[in-house]
Amino acid sequence: MEKLKGKKVVILVAEQFQDMEVMYPYYRFIEEGAEVITAGTGSLEVYTGKYGYPIKATTSAGNLSAAEIDAIIIPGGWAPDFLRRYEFVNKLVFEAFNKGKVIASICHGGSVLVSAHVLKGKNATAFKAIKEDMVYAGCNFIDKDVVVDGNLITSRTPDDLPAFCKAIIKMLAQ
């Protein structure tokens with residue numbers, strides 16, 4: 001059964017993304033019937049992960065509207081440091097969050113949540129290196145494999161991918 005049939009899931013990509021944190025959700029959500037859109041910054045057509053895996057961007061995040069999507073996945077690696085520099089990325093995440101769309105971040109992806117100003121008063125987690133940034137942005141940091149708070153889903157590392165993807169699928173299938 002395709003639990004996500006008819007859903008549009010955006011995975012944000014930029015140079016040096018954490019390979020597993022893009023590829024695992026990408027294929028998992030396709031398997032569940034979702035339309036998966038890889039959205040970059042527009043600077044490249046193909047982005048390369050930390051471990052050399054390439055991913056072709058379907059579009060630029062600047063071409064997307066929060067109204068036309070169901071979820072945004074923000075993987076880690078060094079990519080979030082590049083993604084957060086683009087105002088259109090932060091605006092898309094902010095608008096989608098405020099429209100109640102699923103916003104899911106793993107590892108260093110929390111850096112984009114900080115720049116998009118969506119953490120105040122939320123429970124969240126991320127890779128321990130950005131804990132202080134997230135706390136200063138107003139979240140209650142919880143060191144757990146997956147933290148769900150409203151439409152915000154966060155995880156820490158690639159080891160958390162099974163719990164991360166299960167939580168996203170569960171929320172989108174409701």
# chains A, B, ... in the order shown; residues from 1 in each chain; ligands from 1

$ residues_around --residues "Pro162 of chain A" --least-positions-apart "3" --cutoff "10 Å" --atoms "only C-alpha atoms" --output "PyMOL selection string"
chain A and resi 24-25+28+145-146+158-159+165-167

$ residues_around --residues "segment 96-107 of chain A" --least-positions-apart "5" --cutoff "8 Å" --atoms "only C-alpha atoms" --output "number ranges by chain"
A: 21, 66-67, 69-77, 113, 118, 126-127, 151-158, 164, 168, 171-172

$ select_by_dssp --residues "segment 38-97 of chain A" --states "alpha helix (DSSP H)" --output "PyMOL selection string"
chain A and resi 79-83+87-97

$ write_last_selection --atoms "C-alpha atoms" --output "PDB file, in the first residue's frame"
ATOM      1  CA  ALA A  79      24.667  21.464   2.974  1.00  0.00           C
ATOM      2  CA  PRO A  80      22.557  23.296   5.605  1.00  0.00           C
ATOM      3  CA  ASP A  81      25.324  25.882   6.007  1.00  0.00           C
ATOM      4  CA  PHE A  82      24.966  26.653   2.292  1.00  0.00           C
ATOM      5  CA  LEU A  83      21.163  26.387   2.180  1.00  0.00           C
ATOM      6  CA  GLU A  87      16.654  33.893   1.820  1.00  0.00           C
ATOM      7  CA  PHE A  88      14.280  32.007  -0.503  1.00  0.00           C
ATOM      8  CA  VAL A  89      15.172  28.735   1.285  1.00  0.00           C
ATOM      9  CA  ASN A  90      14.484  30.242   4.719  1.00  0.00           C
ATOM     10  CA  LYS A  91      11.271  31.834   3.437  1.00  0.00           C
ATOM     11  CA  LEU A  92      10.020  28.534   1.964  1.00  0.00           C
ATOM     12  CA  VAL A  93      10.687  26.681   5.241  1.00  0.00           C
ATOM     13  CA  PHE A  94       9.085  29.488   7.306  1.00  0.00           C
ATOM     14  CA  GLU A  95       5.971  29.677   5.119  1.00  0.00           C
ATOM     15  CA  ALA A  96       5.547  25.898   4.908  1.00  0.00           C
ATOM     16  CA  PHE A  97       5.959  25.613   8.686  1.00  0.00           C
TER      17      PHE A  97
END

$ closest_residue --among "A:Phe29, A:Phe17, A:Trp78, A:Tyr86" --to "Ala116 of chain A" --atoms "only C-alpha atoms"
A:Tyr86

$ decode --residues "segment 139-165 of chain A" --atoms "C-alpha atoms" --output "mmCIF file, in the first residue's frame"
data_model
loop_
_atom_site.group_PDB
_atom_site.id
_atom_site.type_symbol
_atom_site.label_atom_id
_atom_site.label_comp_id
_atom_site.auth_asym_id
_atom_site.auth_seq_id
_atom_site.Cartn_x
_atom_site.Cartn_y
_atom_site.Cartn_z
ATOM 1 C CA CYS A 139 13.841 25.448 21.274
ATOM 2 C CA ASN A 140 13.782 22.946 24.098
ATOM 3 C CA PHE A 141 16.564 20.592 22.969
ATOM 4 C CA ILE A 142 15.888 16.887 23.588
ATOM 5 C CA ASP A 143 18.607 14.298 22.915
ATOM 6 C CA LYS A 144 16.414 11.576 21.381
ATOM 7 C CA ASP A 145 16.322 9.660 18.061
ATOM 8 C CA VAL A 146 13.249 11.524 16.857
ATOM 9 C CA VAL A 147 11.334 14.447 18.346
ATOM 10 C CA VAL A 148 7.894 15.343 17.028
ATOM 11 C CA ASP A 149 6.336 18.672 18.025
ATOM 12 C CA GLY A 150 3.300 19.621 15.979
ATOM 13 C CA ASN A 151 4.350 19.646 12.328
ATOM 14 C CA LEU A 152 8.078 19.707 13.208
ATOM 15 C CA ILE A 153 10.026 16.421 13.117
ATOM 16 C CA THR A 154 13.724 16.367 14.045
ATOM 17 C CA SER A 155 16.441 13.724 14.425
ATOM 18 C CA ARG A 156 20.154 13.656 15.283
ATOM 19 C CA THR A 157 22.254 11.429 12.984
ATOM 20 C CA PRO A 158 22.052 8.862 10.154
ATOM 21 C CA ASP A 159 21.525 6.171 12.811
ATOM 22 C CA ASP A 160 18.143 7.809 13.502
ATOM 23 C CA LEU A 161 16.932 7.561 9.876
ATOM 24 C CA PRO A 162 14.513 4.651 10.457
ATOM 25 C CA ALA A 163 12.693 6.487 13.277
ATOM 26 C CA PHE A 164 12.894 9.787 11.346
ATOM 27 C CA CYS A 165 11.316 8.364 8.183
#
